[in-house]
Amino acid sequence: MKHLKVIACEISFRELCFCASQSVNLVDFTFMGKTLHNEGCQSIHSALQAEIDKVPVDKYDAILLAYGLCSNGVVGLKSELPIIIPKAHDCTTFFLGSKEKYKEFFDNNHGTFIYTSGWIERDGNKDDSDIMNVLGIDKTYEQYLEEYGEENAAYIMEILGSHENSYTKIVFIDTGVGDVEKYRM
């Protein structure tokens, strides 16, 4: 039996805990907030390295990172322990089952927003590191109107909403854990 340390994004909480409950190995977790992804490569890397540095090398056999490339935030992480990182673009690869299924899905489903139980459940965990807040673009139309005038406020809102216009459908991935009926939109 091995003693493993898993460092993961909180959106995979249910799935990873289920897997650990089925494992013959002893698994300890650290779950990182999903808003970490909003802060970019260097923030992801720094936060993950800080967690890795906390892992006692005499207690664990390996560190498992439940992250994909995630903006290359996992590149260059170091530890005295072996670090196992899946070959995946991001967590959607995990939820779809493989990098081949990921590629096939996205090649055939442009403009699709993906939800899982973790994305839905953890959506309420907004904090000061929310990307809109970090960038200073978390204001209402009325606030932009007061600050920049009508024409500029309209333009700002159009630009800020443009990412939403690129999505034409939403898909929920049922991973078999959680209350699926609760997650249906």
# chains A, B, ... in the order shown; residues from 1 in each chain; ligands from 1
$ residues_around --residues "stretch 71-84 of chain A" --least-positions-apart "6" --cutoff "7 Å" --atoms "only C-alpha atoms" --output "number ranges by chain"
A: 40-42, 44-45, 49, 52, 57, 61-65
$ write_last_selection --atoms "N, CA and C atoms" --output "PDB file, in the first residue's frame"
ATOM      1  N   GLY A  40      -3.876  32.934 -14.030  1.00  0.00           N
ATOM      2  CA  GLY A  40      -2.813  32.725 -14.997  1.00  0.00           C
ATOM      3  C   GLY A  40      -1.736  31.756 -14.565  1.00  0.00           C
ATOM      4  N   CYS A  41      -0.853  31.489 -15.505  1.00  0.00           N
ATOM      5  CA  CYS A  41       0.196  30.478 -15.380  1.00  0.00           C
ATOM      6  C   CYS A  41       1.062  30.662 -14.137  1.00  0.00           C
ATOM      7  N   GLN A  42       1.593  31.845 -13.933  1.00  0.00           N
ATOM      8  CA  GLN A  42       2.521  32.061 -12.824  1.00  0.00           C
ATOM      9  C   GLN A  42       1.849  31.874 -11.475  1.00  0.00           C
ATOM     10  N   ILE A  44      -0.817  29.949 -10.850  1.00  0.00           N
ATOM     11  CA  ILE A  44      -1.067  28.515 -10.697  1.00  0.00           C
ATOM     12  C   ILE A  44       0.228  27.828 -10.262  1.00  0.00           C
ATOM     13  N   HIS A  45       1.297  28.115 -10.988  1.00  0.00           N
ATOM     14  CA  HIS A  45       2.589  27.496 -10.691  1.00  0.00           C
ATOM     15  C   HIS A  45       3.024  27.803  -9.252  1.00  0.00           C
ATOM     16  N   GLN A  49       3.390  24.999  -6.387  1.00  0.00           N
ATOM     17  CA  GLN A  49       4.722  24.761  -5.822  1.00  0.00           C
ATOM     18  C   GLN A  49       4.708  24.964  -4.312  1.00  0.00           C
ATOM     19  N   ILE A  52       3.182  21.859  -2.867  1.00  0.00           N
ATOM     20  CA  ILE A  52       4.141  20.751  -2.994  1.00  0.00           C
ATOM     21  C   ILE A  52       5.227  20.877  -1.925  1.00  0.00           C
ATOM     22  N   VAL A  57       8.264  14.787   2.846  1.00  0.00           N
ATOM     23  CA  VAL A  57       8.837  13.743   1.987  1.00  0.00           C
ATOM     24  C   VAL A  57       8.976  12.408   2.699  1.00  0.00           C
ATOM     25  N   ASP A  61       4.714   8.562  -0.565  1.00  0.00           N
ATOM     26  CA  ASP A  61       5.465   7.875  -1.614  1.00  0.00           C
ATOM     27  C   ASP A  61       5.492   8.683  -2.910  1.00  0.00           C
ATOM     28  N   ALA A  62       4.477   9.497  -3.126  1.00  0.00           N
ATOM     29  CA  ALA A  62       4.403  10.295  -4.354  1.00  0.00           C
ATOM     30  C   ALA A  62       3.361  11.386  -4.190  1.00  0.00           C
ATOM     31  N   ILE A  63       3.472  12.379  -5.067  1.00  0.00           N
ATOM     32  CA  ILE A  63       2.490  13.461  -5.152  1.00  0.00           C
ATOM     33  C   ILE A  63       1.767  13.300  -6.481  1.00  0.00           C
ATOM     34  N   LEU A  64       0.450  13.268  -6.416  1.00  0.00           N
ATOM     35  CA  LEU A  64      -0.367  13.200  -7.624  1.00  0.00           C
ATOM     36  C   LEU A  64      -1.034  14.555  -7.818  1.00  0.00           C
ATOM     37  N   LEU A  65      -0.794  15.175  -8.954  1.00  0.00           N
ATOM     38  CA  LEU A  65      -1.452  16.438  -9.262  1.00  0.00           C
ATOM     39  C   LEU A  65      -2.652  16.155 -10.145  1.00  0.00           C
TER      40      LEU A  65
END
$ select_by_dssp --residues "chain A" --states "helix (DSSP H, G or I)" --output "PyMOL selection string"
chain A and resi 10-22+34-39+41-54+91-96+99-108+117-124+131-135+141-148+150-165+180-183
$ residues_around --residues "stretch 175-182 of chain A" --least-positions-apart "5" --cutoff "8 Å" --atoms "only C-alpha atoms" --output "PyMOL selection string"
chain A and resi 14-15+18+95+116-117
$ select_by_dssp --residues "stretch 18-181 of chain A" --states "strand (DSSP E)" --output "tab-separated table (two decimals) with N, CA and C atoms, in the first residue's frame"
chain	number	residue	atom	x	y	z
A	26	LEU	N	-3.55	4.60	0.55
A	26	LEU	CA	-3.98	5.64	1.46
A	26	LEU	C	-3.78	6.97	0.76
A	27	VAL	N	-4.85	7.76	0.65
A	27	VAL	CA	-4.81	8.98	-0.15
A	27	VAL	C	-5.22	10.17	0.72
A	28	ASP	N	-4.36	11.18	0.76
A	28	ASP	CA	-4.67	12.43	1.44
A	28	ASP	C	-4.80	13.52	0.38
A	29	PHE	N	-5.70	14.45	0.62
A	29	PHE	CA	-6.00	15.49	-0.36
A	29	PHE	C	-5.70	16.89	0.14
A	30	THR	N	-5.35	17.75	-0.82
A	30	THR	CA	-5.40	19.19	-0.67
A	30	THR	C	-6.15	19.69	-1.89
A	31	PHE	N	-7.25	20.40	-1.67
A	31	PHE	CA	-8.03	20.94	-2.78
A	31	PHE	C	-7.80	22.44	-2.87
A	32	MET	N	-7.47	22.88	-4.07
A	32	MET	CA	-7.22	24.29	-4.34
A	32	MET	C	-8.49	24.90	-4.93
A	62	ALA	N	4.48	9.50	-3.13
A	62	ALA	CA	4.40	10.29	-4.35
A	62	ALA	C	3.36	11.39	-4.19
A	63	ILE	N	3.47	12.38	-5.07
A	63	ILE	CA	2.49	13.46	-5.15
A	63	ILE	C	1.77	13.30	-6.48
A	64	LEU	N	0.45	13.27	-6.42
A	64	LEU	CA	-0.37	13.20	-7.62
A	64	LEU	C	-1.03	14.55	-7.82
A	65	LEU	N	-0.79	15.18	-8.95
A	65	LEU	CA	-1.45	16.44	-9.26
A	65	LEU	C	-2.65	16.16	-10.14
A	66	ALA	N	-3.82	16.48	-9.68
A	66	ALA	CA	-5.04	16.31	-10.47
A	66	ALA	C	-5.30	17.61	-11.23
A	83	ILE	N	6.48	13.34	-8.75
A	83	ILE	CA	5.25	14.07	-9.02
A	83	ILE	C	4.62	13.46	-10.26
A	84	ILE	N	3.40	12.99	-10.12
A	84	ILE	CA	2.68	12.38	-11.24
A	84	ILE	C	1.64	13.39	-11.72
A	112	THR	N	-19.03	25.26	-27.14
A	112	THR	CA	-19.76	24.54	-26.09
A	112	THR	C	-19.12	24.82	-24.74
A	113	PHE	N	-19.95	25.21	-23.79
A	113	PHE	CA	-19.50	25.43	-22.42
A	113	PHE	C	-19.75	24.15	-21.64
A	114	ILE	N	-18.75	23.67	-20.91
A	114	ILE	CA	-18.83	22.40	-20.19
A	114	ILE	C	-19.10	22.65	-18.71
A	115	TYR	N	-20.04	21.88	-18.15
A	115	TYR	CA	-20.29	21.88	-16.72
A	115	TYR	C	-20.14	20.47	-16.18
A	169	LYS	N	-23.93	26.44	-26.90
A	169	LYS	CA	-24.61	25.39	-26.14
A	169	LYS	C	-23.86	25.08	-24.86
A	170	ILE	N	-24.57	24.42	-23.96
A	170	ILE	CA	-24.01	24.01	-22.68
A	170	ILE	C	-24.16	22.49	-22.57
A	171	VAL	N	-23.11	21.84	-22.09
A	171	VAL	CA	-23.14	20.39	-21.90
A	171	VAL	C	-22.79	20.09	-20.45
A	172	PHE	N	-23.58	19.22	-19.84
A	172	PHE	CA	-23.28	18.73	-18.50
A	172	PHE	C	-22.70	17.33	-18.63
$ residues_around --residues "A:Ile11" --least-positions-apart "5" --cutoff "12 Å" --atoms "only C-alpha atoms" --output "number ranges by chain"
A: 16-17, 31-37, 66-67, 90-92, 94-95, 115-125
$ atom_distance --atom1 "atom CA of A:Leu96" --atom2 "atom CA of A:Cys9"
16.4 Å
$ closest_residue --among "A:Thr93, A:Phe105, A:Ile7, A:His110" --to "A:Ala47" --atoms "only C-alpha atoms"
A:Ile7
$ residues_around --residues "A:Lys87" --least-positions-apart "4" --cutoff "8 Å" --atoms "only C-alpha atoms" --output "PyMOL selection string"
chain A and resi 68-69+99
$ atom_distance --atom1 "atom CA of A:Asp174" --atom2 "atom CA of A:Val6"
22.6 Å
$ decode --residues "stretch 25-45 of chain A" --atoms "N, CA and C atoms" --output "compact mmCIF listing (two decimals), in the first residue's frame"
# COMPACT_ATOMS: atom_id res chain seq x y z
N ASN A 25 -4.74 2.16 -1.86
CA ASN A 25 -3.74 3.07 -1.30
C ASN A 25 -4.37 4.05 -0.33
N LEU A 26 -3.55 4.60 0.55
CA LEU A 26 -3.98 5.64 1.46
C LEU A 26 -3.78 6.97 0.76
N VAL A 27 -4.85 7.76 0.65
CA VAL A 27 -4.81 8.98 -0.15
C VAL A 27 -5.22 10.17 0.72
N ASP A 28 -4.36 11.18 0.76
CA ASP A 28 -4.67 12.43 1.44
C ASP A 28 -4.80 13.52 0.38
N PHE A 29 -5.70 14.45 0.62
CA PHE A 29 -6.00 15.49 -0.36
C PHE A 29 -5.70 16.89 0.14
N THR A 30 -5.35 17.75 -0.82
CA THR A 30 -5.40 19.19 -0.67
C THR A 30 -6.15 19.69 -1.89
N PHE A 31 -7.25 20.40 -1.67
CA PHE A 31 -8.03 20.94 -2.78
C PHE A 31 -7.80 22.44 -2.87
N MET A 32 -7.47 22.88 -4.07
CA MET A 32 -7.22 24.29 -4.34
C MET A 32 -8.49 24.90 -4.93
N GLY A 33 -8.68 26.19 -4.70
CA GLY A 33 -9.86 26.88 -5.22
C GLY A 33 -9.85 26.96 -6.74
N LYS A 34 -11.04 26.87 -7.34
CA LYS A 34 -11.13 26.88 -8.80
C LYS A 34 -10.77 28.25 -9.38
N THR A 35 -10.87 29.31 -8.60
CA THR A 35 -10.55 30.64 -9.12
C THR A 35 -9.05 30.81 -9.37
N LEU A 36 -8.25 29.87 -8.88
CA LEU A 36 -6.81 29.91 -9.16
C LEU A 36 -6.55 29.94 -10.66
N HIS A 37 -7.39 29.25 -11.43
CA HIS A 37 -7.23 29.23 -12.89
C HIS A 37 -7.38 30.62 -13.52
N ASN A 38 -8.10 31.47 -12.87
CA ASN A 38 -8.34 32.81 -13.41
C ASN A 38 -7.12 33.71 -13.33
N GLU A 39 -6.15 33.31 -12.55
CA GLU A 39 -5.02 34.18 -12.27
C GLU A 39 -3.81 33.95 -13.17
N GLY A 40 -3.88 32.93 -14.03
CA GLY A 40 -2.81 32.72 -15.00
C GLY A 40 -1.74 31.76 -14.57
N CYS A 41 -0.85 31.49 -15.51
CA CYS A 41 0.20 30.48 -15.38
C CYS A 41 1.06 30.66 -14.14
N GLN A 42 1.59 31.84 -13.93
CA GLN A 42 2.52 32.06 -12.82
C GLN A 42 1.85 31.87 -11.48
N SER A 43 0.61 32.32 -11.34
CA SER A 43 -0.11 32.14 -10.07
C SER A 43 -0.40 30.67 -9.81
N ILE A 44 -0.82 29.95 -10.85
CA ILE A 44 -1.07 28.52 -10.70
C ILE A 44 0.23 27.83 -10.26
N HIS A 45 1.30 28.11 -10.99
CA HIS A 45 2.59 27.50 -10.69
C HIS A 45 3.02 27.80 -9.25
